[in-house]
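**Q** Got a file for you: structure.txt, compact mmCIF, C-alpha atoms (C1' of nucleotides).
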# COMPACT_ATOMS: atom_id res chain seq x y z
CA MET Y 206 -12.41 30.06 -91.59
CA ALA Y 207 -9.50 27.87 -90.58
CA ALA Y 208 -9.55 25.81 -87.43
CA SER Y 209 -8.18 28.22 -84.96
CA ASP Y 210 -8.45 27.49 -81.26
CA PRO Y 211 -7.28 23.89 -81.18
CA GLY Y 212 -7.61 24.32 -77.43
CA GLU Y 213 -9.84 21.36 -76.76
CA LEU Y 214 -10.32 19.46 -79.96
CA ASP Y 215 -11.37 15.93 -79.11
CA PHE Y 216 -12.94 13.35 -81.38
CA TRP Y 217 -16.50 14.64 -81.17
CA SER Y 218 -15.70 18.29 -81.54
CA PHE Y 219 -13.61 17.30 -84.54
CA VAL Y 220 -16.56 15.44 -86.05
CA GLU Y 221 -18.73 18.47 -85.47
CA LEU Y 222 -16.18 20.77 -87.03
CA ALA Y 223 -15.73 18.43 -89.97
CA ASN Y 224 -19.46 18.20 -90.58
CA ARG Y 225 -19.81 21.94 -90.54
CA ARG Y 226 -16.96 22.61 -92.90
CA LEU Y 227 -17.77 19.78 -95.28
CA ALA Y 228 -21.32 21.04 -95.61
CA ARG Y 229 -20.87 24.80 -95.60
CA GLU Y 230 -17.57 25.32 -97.30
CA TYR Y 231 -17.52 22.40 -99.70
CA GLY Y 232 -21.15 21.41 -100.17
CA PHE Y 233 -20.73 17.73 -99.39
CA ARG Y 234 -23.99 16.10 -98.51
CA HIS Y 235 -23.51 12.84 -96.67
CA GLN Y 236 -22.38 13.99 -93.23
CA LEU Y 237 -24.25 11.30 -91.39
CA ALA Y 238 -22.54 8.61 -93.40
CA THR Y 239 -19.14 10.12 -92.67
CA GLU Y 240 -19.95 10.32 -89.01
CA LEU Y 241 -21.13 6.74 -88.91
CA LEU Y 242 -18.06 5.32 -90.57
CA LEU Y 243 -15.66 7.43 -88.52
CA THR Y 244 -17.37 6.24 -85.37
CA LEU Y 245 -17.40 2.62 -86.47
CA ASN Y 246 -13.74 2.67 -87.35
CA ARG Y 247 -12.79 4.35 -84.14
CA ALA Y 248 -14.81 2.06 -81.89
CA SER Y 249 -13.37 -1.03 -83.49
CA ASN Y 250 -9.81 0.26 -83.23
CA ILE Y 251 -10.13 1.27 -79.60
CA VAL Y 252 -11.59 -2.02 -78.47
CA THR Y 253 -9.22 -4.11 -80.55
CA TYR Y 254 -6.18 -2.21 -79.39
CA ASP Y 255 -7.15 -2.65 -75.78
CA LEU Y 256 -7.75 -6.38 -76.10
CA GLU Y 257 -4.50 -6.88 -77.95
CA ALA Y 258 -2.46 -4.77 -75.53
CA SER Y 259 -4.00 -5.98 -72.30
CA VAL Y 260 -4.69 -9.63 -73.08
CA HIS Y 261 -2.75 -10.99 -76.02
CA ARG Y 262 0.60 -9.22 -76.35
CA PRO Y 263 1.53 -9.93 -72.74
CA ARG Y 264 1.03 -13.62 -73.55
CA GLY Y 265 3.09 -13.49 -76.72
CA LEU Y 266 0.20 -13.50 -79.17
CA SER Y 267 -0.62 -10.93 -81.81
CA TRP Y 268 -4.23 -10.00 -82.45
CA SER Y 269 -4.19 -11.86 -85.75
CA GLY Y 270 -2.50 -14.81 -84.14
CA PHE Y 271 -5.27 -14.98 -81.60
CA ARG Y 272 -7.97 -14.75 -84.24
CA LEU Y 273 -6.47 -17.54 -86.29
CA LEU Y 274 -6.07 -19.79 -83.25
CA PHE Y 275 -9.60 -18.91 -82.14
CA VAL Y 276 -11.32 -20.04 -85.32
CA THR Y 277 -9.07 -23.09 -85.52
CA TRP Y 278 -9.94 -23.97 -81.96
CA LEU Y 279 -13.68 -23.80 -82.44
CA ALA Y 280 -14.15 -24.72 -86.08
CA GLY Y 281 -11.04 -26.78 -86.71
CA PRO Y 282 -9.57 -28.76 -88.17
CA LEU Y 283 -10.19 -26.51 -91.12
CA GLU Y 284 -8.59 -25.57 -94.41
CA ALA Y 285 -6.41 -22.48 -94.57
CA LYS Y 286 -8.82 -21.02 -97.10
CA LYS Y 287 -11.72 -21.29 -94.71
CA ALA Y 288 -9.65 -19.84 -91.87
CA ALA Y 289 -8.89 -16.84 -94.08
CA GLU Y 290 -12.59 -16.33 -94.78
CA LEU Y 291 -13.62 -16.58 -91.15
CA THR Y 292 -10.90 -14.30 -89.83
CA GLY Y 293 -11.14 -11.84 -92.71
CA MET Y 294 -7.44 -12.16 -93.52
CA SER Y 295 -5.91 -12.82 -96.90
CA ARG Y 296 -4.75 -16.33 -97.69
CA ALA Y 297 -1.17 -15.11 -97.73
CA ALA Y 298 -1.56 -13.69 -94.24
CA VAL Y 299 -2.88 -16.99 -92.96
CA SER Y 300 -0.01 -18.81 -94.57
CA ASN Y 301 2.61 -16.51 -93.02
CA LEU Y 302 0.96 -16.53 -89.65
CA ALA Y 303 0.51 -20.29 -89.62
CA LYS Y 304 4.22 -20.68 -90.23
CA THR Y 305 5.12 -18.82 -87.07
CA LEU Y 306 2.36 -20.42 -84.99
CA VAL Y 307 3.53 -23.86 -86.10
CA SER Y 308 7.08 -23.06 -85.09
CA ASP Y 309 5.74 -21.80 -81.75
CA GLY Y 310 4.21 -25.21 -81.29
CA LEU Y 311 0.64 -23.98 -81.10
CA LEU Y 312 -0.67 -24.97 -84.49
CA SER Y 313 -0.42 -28.12 -86.52
CA ARG Y 314 -0.54 -28.22 -90.27
CA GLU Y 315 -1.17 -31.39 -92.27
CA PRO Y 316 -1.97 -32.02 -95.89
CA GLY Y 317 -5.68 -32.34 -96.62
CA SER Y 318 -6.76 -35.85 -97.51
CA ARG Y 319 -9.66 -34.87 -99.73
CA ASP Y 320 -7.83 -32.21 -101.73
CA GLY Y 321 -4.12 -32.64 -102.24
CA ARG Y 322 -3.53 -28.91 -102.55
CA SER Y 323 -5.11 -27.96 -99.28
CA VAL Y 324 -3.73 -27.83 -95.79
CA LEU Y 325 -5.67 -28.65 -92.66
CA LEU Y 326 -5.01 -26.49 -89.63
CA SER Y 327 -5.65 -27.69 -86.11
CA LEU Y 328 -4.43 -26.85 -82.64
CA THR Y 329 -1.71 -28.81 -80.92
CA ASP Y 330 -2.36 -29.86 -77.35
CA GLU Y 331 -0.31 -26.92 -76.20
CA GLY Y 332 -2.24 -24.60 -78.50
CA HIS Y 333 -5.49 -25.93 -77.09
CA ARG Y 334 -4.39 -25.42 -73.50
CA ASP Y 335 -3.24 -21.91 -74.34
CA MET Y 336 -6.49 -20.95 -76.00
CA VAL Y 337 -8.65 -22.13 -73.12
CA GLU Y 338 -6.48 -20.16 -70.76
CA VAL Y 339 -6.17 -17.01 -72.91
CA PHE Y 340 -9.81 -16.97 -73.81
CA ARG Y 341 -10.77 -16.99 -70.16
CA VAL Y 342 -9.07 -13.60 -69.77
CA HIS Y 343 -10.20 -12.40 -73.20
CA ASN Y 344 -13.83 -13.21 -72.52
CA GLU Y 345 -13.84 -11.39 -69.18
CA ARG Y 346 -12.37 -8.37 -70.88
CA GLU Y 347 -14.94 -8.56 -73.65
CA ASP Y 348 -17.65 -8.60 -71.05
CA GLU Y 349 -16.24 -5.49 -69.39
CA TRP Y 350 -16.48 -3.71 -72.72
CA ALA Y 351 -19.87 -4.98 -73.72
CA GLY Y 352 -21.23 -4.50 -70.20
CA VAL Y 353 -21.46 -0.78 -70.78
CA LEU Y 354 -24.48 -1.58 -72.92
CA SER Y 355 -27.59 -3.44 -71.81
CA PRO Y 356 -28.19 -6.85 -73.42
CA GLU Y 357 -30.92 -5.26 -75.52
CA GLU Y 358 -28.60 -2.54 -76.71
CA GLN Y 359 -25.98 -5.14 -77.50
CA ARG Y 360 -28.44 -7.10 -79.58
CA ILE Y 361 -29.54 -4.01 -81.45
CA LEU Y 362 -25.95 -3.05 -82.10
CA ILE Y 363 -25.15 -6.51 -83.44
CA MET Y 364 -28.22 -6.40 -85.63
CA LEU Y 365 -27.38 -2.99 -87.08
CA LEU Y 366 -23.74 -3.87 -87.69
CA ASP Y 367 -24.82 -7.04 -89.39
CA LYS Y 368 -27.34 -5.21 -91.53
CA LEU Y 369 -24.68 -2.73 -92.51
CA VAL Y 370 -22.43 -5.37 -94.00
CA THR Y 371 -24.79 -8.06 -95.21
CA ASN Y 372 -26.89 -5.96 -97.51
CA ARG Y 373 -23.78 -5.04 -99.37
CA ASP Y 374 -24.48 -7.17 -102.42
CA GLN Y 375 -26.61 -4.24 -103.52
CA PHE Y 376 -23.44 -2.66 -104.79
CA ASP Y 377 -20.05 -3.84 -105.88
CA VAL Y 378 -17.88 -4.29 -102.80
CA ARG Y 379 -14.17 -4.85 -102.82
CA GLY Y 380 -13.28 -7.79 -100.59
CA ARG Y 381 -9.99 -9.58 -100.05
CA ASN Y 382 -8.65 -11.73 -102.90
CA MET Z 118 -17.95 -33.03 -80.78
CA ALA Z 119 -15.52 -31.60 -83.29
CA ALA Z 120 -16.62 -29.38 -86.11
CA SER Z 121 -17.35 -31.90 -88.75
CA ASP Z 122 -19.30 -30.86 -91.82
CA PRO Z 123 -17.45 -27.69 -92.77
CA GLY Z 124 -19.73 -27.80 -95.79
CA GLU Z 125 -21.18 -24.31 -95.45
CA LEU Z 126 -19.48 -22.57 -92.60
CA ASP Z 127 -19.91 -18.84 -93.07
CA PHE Z 128 -19.43 -16.10 -90.50
CA TRP Z 129 -22.77 -16.45 -88.78
CA SER Z 130 -22.82 -20.20 -88.61
CA PHE Z 131 -19.33 -19.97 -87.17
CA VAL Z 132 -20.53 -17.55 -84.51
CA GLU Z 133 -23.35 -19.91 -83.69
CA LEU Z 134 -21.01 -22.87 -83.50
CA ALA Z 135 -18.56 -20.90 -81.36
CA ASN Z 136 -21.27 -19.80 -78.96
CA ARG Z 137 -22.49 -23.34 -78.55
CA ARG Z 138 -19.09 -24.86 -77.93
CA LEU Z 139 -17.86 -22.06 -75.67
CA ALA Z 140 -20.93 -22.45 -73.50
CA ARG Z 141 -21.49 -26.19 -73.47
CA GLU Z 142 -18.01 -27.62 -73.65
CA TYR Z 143 -16.04 -24.96 -71.82
CA GLY Z 144 -18.55 -23.17 -69.64
CA PHE Z 145 -17.73 -19.65 -70.79
CA ARG Z 146 -20.48 -17.22 -70.00
CA HIS Z 147 -20.22 -14.07 -72.06
CA GLN Z 148 -21.33 -15.22 -75.50
CA LEU Z 149 -23.17 -12.03 -76.32
CA ALA Z 150 -20.06 -9.97 -75.66
CA THR Z 151 -17.99 -12.22 -77.91
CA GLU Z 152 -20.60 -11.98 -80.62
CA LEU Z 153 -20.74 -8.20 -80.34
CA LEU Z 154 -17.01 -7.71 -80.59
CA LEU Z 155 -16.57 -10.19 -83.42
CA THR Z 156 -19.31 -8.41 -85.34
CA LEU Z 157 -17.89 -4.97 -84.64
CA ASN Z 158 -14.43 -5.97 -85.74
CA ARG Z 159 -15.72 -7.62 -88.86
CA ALA Z 160 -17.96 -4.75 -89.91
CA SER Z 161 -15.20 -2.22 -89.50
CA ASN Z 162 -12.72 -4.33 -91.45
CA ILE Z 163 -15.08 -4.98 -94.33
CA VAL Z 164 -16.06 -1.35 -94.78
CA THR Z 165 -12.53 -0.04 -94.33
CA TYR Z 166 -11.09 -2.55 -96.75
CA ASP Z 167 -13.63 -1.63 -99.37
CA LEU Z 168 -13.04 2.10 -99.04
CA GLU Z 169 -9.30 1.67 -99.16
CA ALA Z 170 -9.36 -0.70 -102.10
CA SER Z 171 -11.98 1.06 -104.17
CA VAL Z 172 -11.27 4.72 -103.42
CA HIS Z 173 -7.83 5.35 -101.98
CA ARG Z 174 -5.33 2.79 -103.27
CA PRO Z 175 -6.23 3.50 -106.90
CA ARG Z 176 -5.33 7.13 -106.20
CA GLY Z 177 -2.05 6.30 -104.53
CA LEU Z 178 -3.18 6.84 -100.93
CA SER Z 179 -3.13 4.37 -98.09
CA TRP Z 180 -6.02 4.30 -95.67
CA SER Z 181 -3.85 5.86 -92.97
CA GLY Z 182 -2.56 8.43 -95.39
CA PHE Z 183 -6.10 9.44 -96.19
CA ARG Z 184 -7.03 9.69 -92.52
CA LEU Z 185 -4.07 11.89 -91.72
CA LEU Z 186 -4.74 14.18 -94.67
CA PHE Z 187 -8.42 14.26 -93.76
CA VAL Z 188 -7.94 15.55 -90.23
CA THR Z 189 -5.25 17.93 -91.40
CA TRP Z 190 -7.56 19.25 -94.07
CA LEU Z 191 -10.44 19.96 -91.74
CA ALA Z 192 -8.75 20.72 -88.43
CA GLY Z 193 -5.36 21.91 -89.64
CA PRO Z 194 -2.90 23.36 -89.23
CA LEU Z 195 -2.47 21.10 -86.24
CA GLU Z 196 0.29 19.56 -84.18
CA ALA Z 197 1.43 16.05 -84.98
CA LYS Z 198 0.39 15.02 -81.49
CA LYS Z 199 -3.17 16.17 -82.07
CA ALA Z 200 -3.27 14.48 -85.45
CA ALA Z 201 -2.26 11.22 -83.77
CA GLU Z 202 -5.06 11.56 -81.24
CA LEU Z 203 -7.71 12.34 -83.83
CA THR Z 204 -6.71 9.57 -86.21
CA GLY Z 205 -6.06 7.03 -83.47
CA MET Z 206 -2.52 6.38 -84.70
CA SER Z 207 0.66 6.39 -82.64
CA ARG Z 208 2.87 9.46 -82.80
CA ALA Z 209 5.54 7.40 -84.52
CA ALA Z 210 3.08 6.38 -87.20
CA VAL Z 211 2.15 10.00 -87.83
CA SER Z 212 5.79 10.93 -88.03
CA ASN Z 213 6.58 8.21 -90.56
CA LEU Z 214 3.50 8.87 -92.59
CA ALA Z 215 4.05 12.61 -92.62
CA LYS Z 216 7.52 12.04 -94.02
CA THR Z 217 6.19 10.26 -97.07
CA LEU Z 218 3.25 12.64 -97.53
CA VAL Z 219 5.61 15.59 -97.40
CA SER Z 220 7.83 14.05 -100.03
CA ASP Z 221 4.72 13.38 -102.12
CA GLY Z 222 4.05 17.10 -101.95
CA LEU Z 223 0.70 16.77 -100.20
CA LEU Z 224 1.62 17.80 -96.70
CA SER Z 225 3.63 20.64 -95.28
CA ARG Z 226 5.48 20.50 -91.99
CA GLU Z 227 6.75 23.55 -90.15
CA PRO Z 228 8.10 24.08 -86.66
CA GLY Z 229 5.51 25.22 -84.16
CA SER Z 230 5.92 28.81 -83.00
CA ARG Z 231 4.44 28.40 -79.56
CA ASP Z 232 6.29 25.20 -78.62
CA GLY Z 233 9.72 24.67 -80.08
CA ARG Z 234 9.44 20.90 -79.96
CA SER Z 235 6.23 20.65 -81.91
CA VAL Z 236 5.55 20.44 -85.61
CA LEU Z 237 2.57 21.94 -87.35
CA LEU Z 238 1.03 19.94 -90.15
CA SER Z 239 -0.99 21.51 -92.92
CA LEU Z 240 -1.98 20.66 -96.46
CA THR Z 241 -0.15 22.01 -99.46
CA ASP Z 242 -2.25 23.42 -102.26
CA GLU Z 243 -1.85 20.17 -104.10
CA GLY Z 244 -2.84 18.24 -100.99
CA HIS Z 245 -5.90 20.38 -100.63
CA ARG Z 246 -6.95 19.88 -104.24
CA ASP Z 247 -6.42 16.13 -103.87
CA MET Z 248 -8.50 15.91 -100.73
CA VAL Z 249 -11.46 17.75 -102.19
CA GLU Z 250 -11.34 15.48 -105.18
CA VAL Z 251 -10.76 12.23 -103.29
CA PHE Z 252 -13.32 13.00 -100.66
CA ARG Z 253 -15.96 13.49 -103.31
CA VAL Z 254 -15.59 9.84 -104.27
CA HIS Z 255 -15.07 8.73 -100.69
CA ASN Z 256 -18.22 10.43 -99.49
CA GLU Z 257 -20.36 8.90 -102.22
CA ARG Z 258 -19.03 5.50 -101.30
CA GLU Z 259 -19.69 6.13 -97.63
CA ASP Z 260 -23.23 6.99 -98.49
CA GLU Z 261 -23.68 3.76 -100.40
CA TRP Z 262 -22.62 1.85 -97.31
CA ALA Z 263 -24.60 3.86 -94.81
CA GLY Z 264 -27.62 3.98 -97.10
CA VAL Z 265 -28.41 0.39 -96.24
CA LEU Z 266 -29.64 1.76 -92.92
CA SER Z 267 -32.30 4.40 -92.40
CA PRO Z 268 -31.15 7.72 -90.96
CA GLU Z 269 -32.70 6.71 -87.64
CA GLU Z 270 -30.86 3.43 -87.64
CA GLN Z 271 -27.65 5.25 -88.47
CA ARG Z 272 -28.15 7.60 -85.56
CA ILE Z 273 -28.86 4.75 -83.17
CA LEU Z 274 -25.79 2.91 -84.40
CA ILE Z 275 -23.61 5.97 -83.89
CA MET Z 276 -25.04 6.46 -80.43
CA LEU Z 277 -24.45 2.86 -79.40
CA LEU Z 278 -20.91 2.78 -80.79
CA ASP Z 279 -20.16 5.99 -78.99
CA LYS Z 280 -21.59 4.70 -75.76
CA LEU Z 281 -19.51 1.56 -76.10
CA VAL Z 282 -16.24 3.46 -76.14
CA THR Z 283 -16.91 6.56 -74.08
CA ASN Z 284 -18.00 4.88 -70.90
CA ARG Z 285 -14.71 3.10 -70.80
CA ASP Z 286 -13.22 5.13 -67.98
CA GLN Z 287 -15.13 2.73 -65.75
CA PHE Z 288 -12.25 0.35 -66.16
CA ASP Z 289 -8.61 0.58 -67.04
CA VAL Z 290 -8.26 0.70 -70.82
CA ARG Z 291 -5.06 0.34 -72.74
CA GLY Z 292 -4.73 3.10 -75.31
CA ARG Z 293 -1.93 4.12 -77.59
CA ASN Z 294 1.14 5.75 -76.02
C1' DT K 124 18.08 29.41 -61.19
C1' DC K 125 19.29 24.97 -61.95
C1' DA K 126 18.69 20.08 -61.80
C1' DC K 127 14.95 16.72 -62.77
C1' DA K 128 11.01 15.18 -64.76
C1' DT K 129 8.06 15.50 -68.66
C1' DT K 130 6.78 15.96 -73.34
C1' DA K 131 7.07 16.24 -78.81
C1' DG K 132 9.00 14.26 -82.30
C1' DT K 133 12.17 11.19 -84.77
C1' DT K 134 14.73 7.02 -85.57
C1' DA K 135 15.79 2.08 -85.70
C1' DA K 136 14.77 -2.72 -85.30
C1' DC K 137 11.27 -5.67 -85.94
C1' DA K 138 6.71 -7.94 -86.68
C1' DG K 139 2.99 -8.51 -89.68
C1' DA K 140 0.06 -7.76 -93.82
C1' DT K 141 -0.28 -6.89 -98.79
C1' DG K 142 -0.03 -8.13 -103.69
C1' DT K 143 2.34 -10.69 -107.19
C1' DA K 144 4.23 -14.49 -109.07
C1' DC K 145 4.90 -19.20 -108.77
C1' DT K 146 4.14 -24.41 -107.90
C1' DA K 147 1.30 -28.03 -107.80
C1' DG K 148 -3.12 -30.39 -107.55
C1' DT K 149 -7.97 -30.54 -109.41
C1' DT K 150 -11.84 -29.81 -112.50
C1' DT K 151 -13.88 -29.37 -116.94
C1' DC K 152 -15.24 -30.57 -121.29
C1' DA K 153 -14.20 -31.37 -126.11
C1' DT X 162 -8.29 -38.91 -121.94
C1' DG X 163 -5.77 -34.93 -122.14
C1' DA X 164 -5.13 -29.91 -122.50
C1' DA X 165 -6.74 -25.64 -120.58
C1' DA X 166 -8.67 -23.24 -116.89
C1' DC X 167 -8.97 -22.87 -112.20
C1' DT X 168 -7.80 -23.16 -107.27
C1' DA X 169 -4.95 -23.78 -102.71
C1' DG X 170 -1.11 -22.60 -100.72
C1' DT X 171 3.57 -20.47 -100.43
C1' DA X 172 7.68 -17.32 -101.32
C1' DC X 173 9.16 -12.93 -101.90
C1' DA X 174 9.58 -8.04 -102.03
C1' DT X 175 7.50 -4.13 -100.19
C1' DC X 176 5.08 -1.21 -97.12
C1' DT X 177 3.13 0.07 -92.64
C1' DG X 178 2.77 0.03 -88.00
C1' DT X 179 4.64 -1.05 -83.36
C1' DT X 180 7.69 -0.39 -79.37
C1' DA X 181 11.83 1.32 -77.39
C1' DA X 182 15.55 4.32 -77.25
C1' DC X 183 17.05 8.81 -78.18
C1' DT X 184 17.30 14.14 -78.84
C1' DA X 185 15.76 18.39 -77.84
C1' DA X 186 12.61 21.63 -75.77
C1' DT X 187 9.70 22.77 -71.93
C1' DG X 188 7.89 22.77 -67.18
C1' DT X 189 8.61 22.56 -62.16
C1' DG X 190 9.90 23.35 -57.59
C1' DA X 191 13.41 23.49 -53.99
Go ahead and express the file in the form of structure tokens.
**A**
Amino acid sequence: MAASDPGELDFWSFVELANRRLAREYGFRHQLATELLLTLNRASNIVTYDLEASVHRPRGLSWSGFRLLFVTWLAGPLEAKKAAELTGMSRAAVSNLAKTLVSDGLLSREPGSRDGRSVLLSLTDEGHRDMVEVFRVHNEREDEWAGVLSPEEQRILIMLLDKLVTNRDQFDVRGRN
Amino acid sequence: MAASDPGELDFWSFVELANRRLAREYGFRHQLATELLLTLNRASNIVTYDLEASVHRPRGLSWSGFRLLFVTWLAGPLEAKKAAELTGMSRAAVSNLAKTLVSDGLLSREPGSRDGRSVLLSLTDEGHRDMVEVFRVHNEREDEWAGVLSPEEQRILIMLLDKLVTNRDQFDVRGRN
DNA sequence: TCACATTAGTTAACAGATGTACTAGTTTCA
DNA sequence: TGAAACTAGTACATCTGTTAACTAATGTGA
């Protein structure tokens, strides 16, 4: 049975259809896992896209640019390596991004004193002013999103998401670099 | 107080540090929202990266390529527009991606009969064989990830993620195109 | 019915991320 | 101490995705 009647196929009716076909026609067994990961992926993309489009792009920042400035703001000065870990980017991405942020005058890059190979990232005064200002808008927007859930629900969600990714040493996970 | 002692700054100690500084030094109020969205973003990225790197790249598929083939497999034949909605990509991305998947022989593209502007996407036989094979591995991997949580926890997580993004008509969200 | 607005898809220019290969500084240990 | 192994960061080529502009088909309403 092919998917006729695409009349009103939204995300959830697609998930339902997919579950049914994967189980009945192909005998796959882990529908709940598929559903969970589809939902996770989708939620993250929707929220991220909205924050980027409504808060950051209009102010000339990319999502990654914001994330790098954010960790540098609060945890800096810090080595590029550490910034890559905290943001989840590759070291190459941090390097590329830092280059443009430095030329925008938001980020400052100086050789590490302790380790001659490393580079210490920190915000310039302008970068600092920008972050305080941008984060004000960002944080309000975050609260609009999160506000759909009660604080208890938010805490449970955080806990479950954390559990999902921290118990992953049980199997061999592919991480960046 | 700057972040001295970067000795062991992992994700969670960063979140803790960020919360503290955002509240005490800058007076921002929505720490729980920030924590939720950071965690959501991170979880999605970690899982997605692992699936892409361990399952799809080795078989010559990008993550987006897999997603497009996946919805086409289970809901196809379907219009490019609908595929964009279901995968969360832009229409331009679907168009570009379809071009390469067609030339790889996995996807077939024919003019829609009902609407002369539209294009119907469906899998070729080869594409279908590939998907059944790839999804076998993908689904096992998904189950390894999800298996960290109990079925109840998985259901709660799905419910909360869904609630997070479906009640969003309460405010004005920026979506793709 | 015919002009106007809308919509589907494609294209082009561009921004950003990836992996690989490279340079240079640091650690290790024989 | 000195050679080999390792690590931090960068450069480069490539690939993907984004927006904006465009073409072509469809809908709409005086």
**Q** Grab the atom CA of Leu126 of chain Z to atom CA of Leu325 of chain Y distance for me, in Å with one decimal place.
**A**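 Between these atoms lies a distance of 15.1 Å.
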**Q** Do you have the atom CA of Val307 of chain Y-atom CA of Phe131 of chain Z distance handy?
**A**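 Separation of atom CA of Val307 of chain Y and atom CA of Phe131 of chain Z: 23.2 Å.
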**Q** Which residue, Y:Asp320, Y:Glu213, Y:Glu240, Y:Asp309, has the smallest gap to chain X when you use all atoms listed in the file?
**A**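 Answer, going by the shortest atom-to-atom distance: Y:Asp320.
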**Q** Do you have, as JSON lines, the list of residues of chain K lying at most 12 Å from segment 164-181 of chain X, each with its nearest atom pair and that distance in Å to one decimal, counting all atoms listed in the file and ordered by chain then number?
**A**
{"residue": "K:DT134", "atom": "C1'", "partner": "X:DA181", "partner_atom": "C1'", "distance": 10.4}
{"residue": "K:DA135", "atom": "C1'", "partner": "X:DA181", "partner_atom": "C1'", "distance": 9.2}
{"residue": "K:DA136", "atom": "C1'", "partner": "X:DA181", "partner_atom": "C1'", "distance": 9.4}
{"residue": "K:DC137", "atom": "C1'", "partner": "X:DT179", "partner_atom": "C1'", "distance": 8.5}
{"residue": "K:DA138", "atom": "C1'", "partner": "X:DT179", "partner_atom": "C1'", "distance": 7.9}
{"residue": "K:DG139", "atom": "C1'", "partner": "X:DG178", "partner_atom": "C1'", "distance": 8.7}
{"residue": "K:DA140", "atom": "C1'", "partner": "X:DT177", "partner_atom": "C1'", "distance": 8.5}
{"residue": "K:DT141", "atom": "C1'", "partner": "X:DC176", "partner_atom": "C1'", "distance": 8.0}
{"residue": "K:DG142", "atom": "C1'", "partner": "X:DT175", "partner_atom": "C1'", "distance": 9.2}
{"residue": "K:DT143", "atom": "C1'", "partner": "X:DC173", "partner_atom": "C1'", "distance": 8.9}
{"residue": "K:DA144", "atom": "C1'", "partner": "X:DC173", "partner_atom": "C1'", "distance": 8.8}
{"residue": "K:DC145", "atom": "C1'", "partner": "X:DA172", "partner_atom": "C1'", "distance": 8.2}
{"residue": "K:DT146", "atom": "C1'", "partner": "X:DT171", "partner_atom": "C1'", "distance": 8.5}
{"residue": "K:DA147", "atom": "C1'", "partner": "X:DA169", "partner_atom": "C1'", "distance": 9.1}
{"residue": "K:DG148", "atom": "C1'", "partner": "X:DA169", "partner_atom": "C1'", "distance": 8.4}
{"residue": "K:DT149", "atom": "C1'", "partner": "X:DT168", "partner_atom": "C1'", "distance": 7.7}
{"residue": "K:DT150", "atom": "C1'", "partner": "X:DC167", "partner_atom": "C1'", "distance": 7.5}
{"residue": "K:DT151", "atom": "C1'", "partner": "X:DA166", "partner_atom": "C1'", "distance": 8.0}
{"residue": "K:DC152", "atom": "C1'", "partner": "X:DA165", "partner_atom": "C1'", "distance": 9.9}
{"residue": "K:DA153", "atom": "C1'", "partner": "X:DA164", "partner_atom": "C1'", "distance": 9.9}
**Q** Check every residue of chain Z for an atom within 6 Å of chain Y, counting only C-alpha atoms, and provide those that qualify as a PDB file with C-alpha atoms, keeping the file's coordinate frame.
**A**
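This is the output file result39.pdb:
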ATOM      1  CA  ALA Z 120     -16.620 -29.380 -86.110  1.00  0.00           C
ATOM      2  CA  PHE Z 128     -19.430 -16.100 -90.500  1.00  0.00           C
ATOM      3  CA  ALA Z 135     -18.560 -20.900 -81.360  1.00  0.00           C
ATOM      4  CA  ALA Z 150     -20.060  -9.970 -75.660  1.00  0.00           C
ATOM      5  CA  LEU Z 153     -20.740  -8.200 -80.340  1.00  0.00           C
ATOM      6  CA  ASN Z 158     -14.430  -5.970 -85.740  1.00  0.00           C
ATOM      7  CA  SER Z 161     -15.200  -2.220 -89.500  1.00  0.00           C
ATOM      8  CA  ASP Z 167     -13.630  -1.630 -99.370  1.00  0.00           C
ATOM      9  CA  LEU Z 191     -10.440  19.960 -91.740  1.00  0.00           C
ATOM     10  CA  ALA Z 192      -8.750  20.720 -88.430  1.00  0.00           C
ATOM     11  CA  LEU Z 203      -7.710  12.340 -83.830  1.00  0.00           C
ATOM     12  CA  GLU Z 259     -19.690   6.130 -97.630  1.00  0.00           C
ATOM     13  CA  ASP Z 260     -23.230   6.990 -98.490  1.00  0.00           C
ATOM     14  CA  ALA Z 263     -24.600   3.860 -94.810  1.00  0.00           C
ATOM     15  CA  ILE Z 275     -23.610   5.970 -83.890  1.00  0.00           C
ATOM     16  CA  ARG Z 291      -5.060   0.340 -72.740  1.00  0.00           C
TER      17      ARG Z 291
END
**Q** Please indicate the distance in Å from atom CA of Val211 of chain Z to atom CA of Pro228 of chain Z, rounded to one decimal place.
**A** 15.3 Å
**Q** Give me the residues of chain Z that have any atom at most 10 Å from an atom of chain K; for each, the nearest atom pair and the distance in Å, rounded to one decimal. Use all atoms listed in the file, sort by chain and number, and format it as a Markdown table.
**A**
| residue | atom | partner | partner_atom | distance |
| --- | --- | --- | --- | --- |
| Z:Glu196 | CA | K:DA131 | C1' | 9.3 |
| Z:Ala197 | CA | K:DG132 | C1' | 8.2 |
| Z:Lys198 | CA | K:DA131 | C1' | 7.3 |
| Z:Arg208 | CA | K:DG132 | C1' | 7.8 |
| Z:Ala209 | CA | K:DT133 | C1' | 7.6 |
| Z:Val211 | CA | K:DG132 | C1' | 9.8 |
| Z:Ser212 | CA | K:DT133 | C1' | 7.2 |
| Z:Asn213 | CA | K:DT133 | C1' | 8.6 |
| Z:Asp232 | CA | K:DA131 | C1' | 9.0 |
| Z:Gly233 | CA | K:DA131 | C1' | 8.9 |
| Z:Arg234 | CA | K:DA131 | C1' | 5.4 |
| Z:Ser235 | CA | K:DA131 | C1' | 5.5 |
| Z:Val236 | CA | K:DG132 | C1' | 7.8 |
**Q** Calculate, to one decimal in Å, the centre and edge lengths of the box along x, y and z of the file that holds all listed atoms of segment 265-284 of chain Y with 6 Å of margin on each side, and present them as AutoDock Vina command-line options.
**A**
--center_x -5.5 --center_y -19.4 --center_z -85.6 --size_x 29.2 --size_y 30.8 --size_z 29.7
